[in-house]
Amino acid sequence: MASTAIAGTPPLLRANVRYDGRMLAPWALLTTVLSASSMLYPLIFPTEQDRQAFAGAVGANPAMAIIFGPAFDLSTADGFNAWRSLALGGLIAGLGVIFAVTRATRAQEDSGQAELLASGVMGRASRLMAAVAMCLGFSIILGLVTGLVTVLCGGDWNASMLLAATMSATAWMFTGVAAVTAQLGSDARTSNSLAVATLGVLFIGRGVSYALEAPDWVIWANPLGWMTETKPALDNNWWPLLLAVALTIVLFAVAFLLQSRREFGAGAVAPGPGPARGKDRSTWRLAVRINRGPILSWGIAFVALGFVFGYLATSVSDIFGSDPAIQQMLAAGAATSDDLVSAFLVTILSMVGILAAIPGVQTMLKVRTEEMEDRLEPVIATATARPRYYFSNVLIALGAPAIYMLVAGSLIGWLTAAADIGATFGDVLLQATATIPAVWTVVALAVAVIGARPQVSIAAWLGVLASFALTILGPTFQLWDWILAISPFWHIPNVTSSDADWTGLIWISLVTLLFLALGFAGFRRRDLARS
């Protein structure tokens, strides 16, 4: 019976809120700050001329559409907020609930907590029910807080609350997605990867669809496109949110059906058996085996990104030709077509670089996971030296992102050169190569954190978050150069420029070496697991 299956849900829900609720709060804080800070728009761009110039700059770089979506109206603070916060706010909310659902479901099975809970009076579906109930409630709170704070900061009531509602609706949908992937993955890491990959594909697909002015059916085939079509501060369409509610219900039904049929502690997609005897005789081969799955998955993802961004680059001339503001800019001699193409490629490859840093950080966090699960100490107890073990993992953390950059850069360069839009294959590949030192700096921060201060391992993501915020969001607020310079990607030169400044790469390379030295010194000296 249904009541038996969810027996014990209320006390488990209270426990989840008590122990996991505080981990959801930062995600709500991020969406609130993102939306409310957009009300500073009239102070940053006080005149109509300033706003028109900003709109022209946004239209001149199609890469911005991939991140933020279409700019329907940048003449008002609410229109700016809708452009700047809708897509990113939904992404932040979606990531928050994905991690929360997985943590309260598959992660408990992996750690043994679920088996302990199951020994009490608790139904088979109780943990999943408690997890989704917590995230649904959190999504509503996130929307209310974000919307009300934005209104208090000067936002229009209807536009601000609709914008916040799209974030809540996105969180609802990806609560459902995470509930399904929690039943499919063989462990928590796989479940998270499946859900985050789904979010990433839909996010980039939505951005590319709008950048290329794809047919309407392509946009409406993407659930994130439904959120964009609400058009806060323009049309204020509330009805697409009903589609999100319907999809959420369907995903929950699928998740509970899968949960009722899968074996406890295993996913619907079972992993293959390992070898009867271990064959790895070096720390390098061990590191490769541990990270083999993510390396291949990310490799496929960057091949796809190369084709997608390369195809977008081939259409950049058509995008420029269809924008009257850009045509006026070109006619006035304020910029050349080659300048716009070059700026577009720098932005695209910086985005690829930030994404490439993510698997590097994950590799270092896997070192901490191996340590906490007591699989590292038996390795170190042999003749294996700590620096040797750490070096093998650091080599993968730095090497794999570099390869991803070169693969994506080569594909983008190949497609760009074939389209003859003013950039050669060599230019694009050199720009991708120049981006690698910035990627290494971000990963090196994770090396330092895991090596020296693993108890704050969450700080390993600080480089990725800061780089994204300063590189992508920073220019929309016209931040001072000294603030933007905190991001290593700010120091990447435009290789096609006649006066390209390469000294920035030297400085960030020195910072990278410093982080690596701190990481190796800390890992060599500290206690394992308890640090």
# chains A, B, ... in the order shown; residues from 1 in each chain; ligands from 1
>>> residues_around(residues="A:Gly353", least_positions_apart="5", cutoff="9 Å", atoms="only C-alpha atoms", output="JSON, numbers by chain")
{"A": [348, 401, 402, 404, 405, 432, 435, 436, 438, 439, 489]}
>>> residues_around(residues="A:Leu95", least_positions_apart="5", cutoff="12 Å", atoms="only C-alpha atoms", output="JSON, numbers by chain")
{"A": [24, 26, 27, 28, 30, 31, 88, 89, 90, 100, 101, 102, 135, 139, 167, 170, 171, 172, 173, 174, 175, 177, 178, 192, 193, 194, 195, 196, 197, 198, 199, 200, 203]}
>>> write_last_selection(atoms="N, CA and C atoms", output="tab-separated table (two decimals), in the first residue's frame")
chain	number	residue	atom	x	y	z
A	24	LEU	N	21.49	23.91	1.75
A	24	LEU	CA	20.71	24.49	0.66
A	24	LEU	C	20.67	26.01	0.73
A	26	PRO	N	22.94	28.42	0.97
A	26	PRO	CA	23.80	29.22	0.10
A	26	PRO	C	23.28	29.36	-1.33
A	27	TRP	N	22.59	28.33	-1.81
A	27	TRP	CA	22.05	28.41	-3.18
A	27	TRP	C	20.97	29.48	-3.27
A	28	ALA	N	20.13	29.56	-2.24
A	28	ALA	CA	19.11	30.61	-2.21
A	28	ALA	C	19.75	31.99	-2.07
A	30	LEU	N	22.65	32.85	-3.28
A	30	LEU	CA	23.22	33.20	-4.58
A	30	LEU	C	22.16	33.75	-5.53
A	31	THR	N	21.01	33.08	-5.61
A	31	THR	CA	19.97	33.57	-6.52
A	31	THR	C	19.43	34.92	-6.06
A	88	LEU	N	20.82	31.99	-15.36
A	88	LEU	CA	21.80	31.66	-14.32
A	88	LEU	C	21.12	31.30	-13.00
A	89	GLY	N	20.05	32.03	-12.65
A	89	GLY	CA	19.34	31.72	-11.43
A	89	GLY	C	18.75	30.31	-11.47
A	90	GLY	N	18.19	29.94	-12.61
A	90	GLY	CA	17.67	28.58	-12.76
A	90	GLY	C	18.77	27.54	-12.67
A	100	ALA	N	21.25	18.07	-3.35
A	100	ALA	CA	20.50	17.76	-2.13
A	100	ALA	C	19.75	16.43	-2.26
A	101	VAL	N	19.11	16.20	-3.40
A	101	VAL	CA	18.36	14.94	-3.60
A	101	VAL	C	19.31	13.75	-3.56
A	102	THR	N	20.43	13.87	-4.26
A	102	THR	CA	21.38	12.75	-4.29
A	102	THR	C	21.96	12.49	-2.90
A	135	CYS	N	13.20	19.35	-1.04
A	135	CYS	CA	13.65	20.19	-2.15
A	135	CYS	C	12.51	20.98	-2.78
A	139	SER	N	12.55	24.99	-2.86
A	139	SER	CA	12.38	25.71	-4.13
A	139	SER	C	11.38	26.85	-3.98
A	167	MET	N	12.81	30.35	-11.39
A	167	MET	CA	13.88	29.66	-10.65
A	167	MET	C	13.30	28.51	-9.83
A	170	THR	N	12.30	25.73	-12.21
A	170	THR	CA	13.47	24.98	-12.67
A	170	THR	C	13.96	24.04	-11.59
A	171	ALA	N	13.97	24.51	-10.35
A	171	ALA	CA	14.38	23.65	-9.23
A	171	ALA	C	13.43	22.47	-9.08
A	172	TRP	N	12.14	22.68	-9.29
A	172	TRP	CA	11.18	21.58	-9.22
A	172	TRP	C	11.49	20.53	-10.28
A	173	MET	N	11.72	20.99	-11.51
A	173	MET	CA	11.98	20.04	-12.59
A	173	MET	C	13.23	19.21	-12.31
A	174	PHE	N	14.28	19.86	-11.80
A	174	PHE	CA	15.52	19.12	-11.59
A	174	PHE	C	15.54	18.38	-10.27
A	175	THR	N	14.61	18.67	-9.39
A	175	THR	CA	14.36	17.75	-8.28
A	175	THR	C	13.86	16.43	-8.84
A	177	VAL	N	14.40	15.33	-11.97
A	177	VAL	CA	15.50	14.71	-12.72
A	177	VAL	C	16.44	13.99	-11.77
A	178	ALA	N	16.81	14.65	-10.66
A	178	ALA	CA	17.72	14.03	-9.70
A	178	ALA	C	17.08	12.81	-9.04
A	192	ASN	N	24.82	11.97	-9.47
A	192	ASN	CA	25.04	13.41	-9.61
A	192	ASN	C	25.49	13.76	-11.02
A	193	SER	N	26.40	12.97	-11.56
A	193	SER	CA	26.93	13.25	-12.89
A	193	SER	C	25.84	13.20	-13.94
A	194	LEU	N	24.96	12.21	-13.85
A	194	LEU	CA	23.86	12.10	-14.82
A	194	LEU	C	22.93	13.31	-14.75
A	195	ALA	N	22.59	13.71	-13.53
A	195	ALA	CA	21.67	14.84	-13.37
A	195	ALA	C	22.31	16.15	-13.82
A	196	VAL	N	23.56	16.37	-13.42
A	196	VAL	CA	24.25	17.61	-13.80
A	196	VAL	C	24.47	17.65	-15.31
A	197	ALA	N	24.78	16.51	-15.91
A	197	ALA	CA	24.95	16.46	-17.37
A	197	ALA	C	23.65	16.82	-18.08
A	198	THR	N	22.54	16.33	-17.56
A	198	THR	CA	21.24	16.67	-18.14
A	198	THR	C	20.99	18.18	-18.07
A	199	LEU	N	21.27	18.74	-16.91
A	199	LEU	CA	21.11	20.19	-16.75
A	199	LEU	C	22.04	20.95	-17.69
A	200	GLY	N	23.28	20.51	-17.81
A	200	GLY	CA	24.24	21.19	-18.67
A	200	GLY	C	23.85	21.14	-20.14
A	203	PHE	N	20.90	23.42	-20.65
A	203	PHE	CA	21.29	24.83	-20.49
A	203	PHE	C	22.00	25.34	-21.75
>>> closest_residue(among="A:Ser457, A:Thr363, A:Ser282, A:Ser168", to="A:Ile380", atoms="only C-alpha atoms")
A:Ser282
>>> residues_around(residues="A:Gln478", least_positions_apart="6", cutoff="12 Å", atoms="only C-alpha atoms", output="list of chain:residue names")
A:Leu40, A:Tyr41, A:Leu43, A:Ile44, A:Phe45, A:Asp50, A:Phe54, A:Leu470, A:Thr471, A:Ile472, A:Leu484
>>> closest_residue(among="A:Glu370, A:Asp73, A:Glu263, A:Asp216", to="A:Ala233", atoms="only C-alpha atoms")
A:Asp73
>>> atom_distance(atom1="atom CA of A:Pro10", atom2="atom CA of A:Leu136")
14.5 Å
>>> closest_residue(among="A:Pro378, A:Gly147, A:Pro475, A:Gly185", to="A:Ala164", atoms="only C-alpha atoms")
A:Gly147
>>> select_by_dssp(residues="stretch 139-328 of chain A", states="helix (DSSP H, G or I)", output="PyMOL selection string")
chain A and resi 139-152+157-184+188-211+216-220+223-228+240-261+283-314+316-321+324-328
>>> closest_residue(among="A:Thr416, A:Ser467, A:Asn236, A:Asn393", to="A:Leu355", atoms="only C-alpha atoms")
A:Ser467
>>> residues_around(residues="A:Pro70", least_positions_apart="4", cutoff="12 Å", atoms="only C-alpha atoms", output="PyMOL selection string")
chain A and resi 55+58-59+61-66+74+79-87+206-213+219+225+227-229+231-232
>>> closest_residue(among="A:Ala93, A:Ala485, A:Val443, A:Ala165", to="A:Trp461", atoms="only C-alpha atoms")
A:Val443
>>> residues_around(residues="A:Val17", least_positions_apart="4", cutoff="7 Å", atoms="only C-alpha atoms", output="MDAnalysis selection string")
chainID A and resid 13 21 134
>>> atom_distance(atom1="atom CA of A:Ala383", atom2="atom CA of A:Gly451")
20.0 Å
>>> atom_distance(atom1="atom CA of A:Leu312", atom2="atom CA of A:Gln362")
28.4 Å
>>> closest_residue(among="A:Phe309, A:Gly409, A:Met39, A:Leu202", to="A:Leu91", atoms="only C-alpha atoms")
A:Leu202
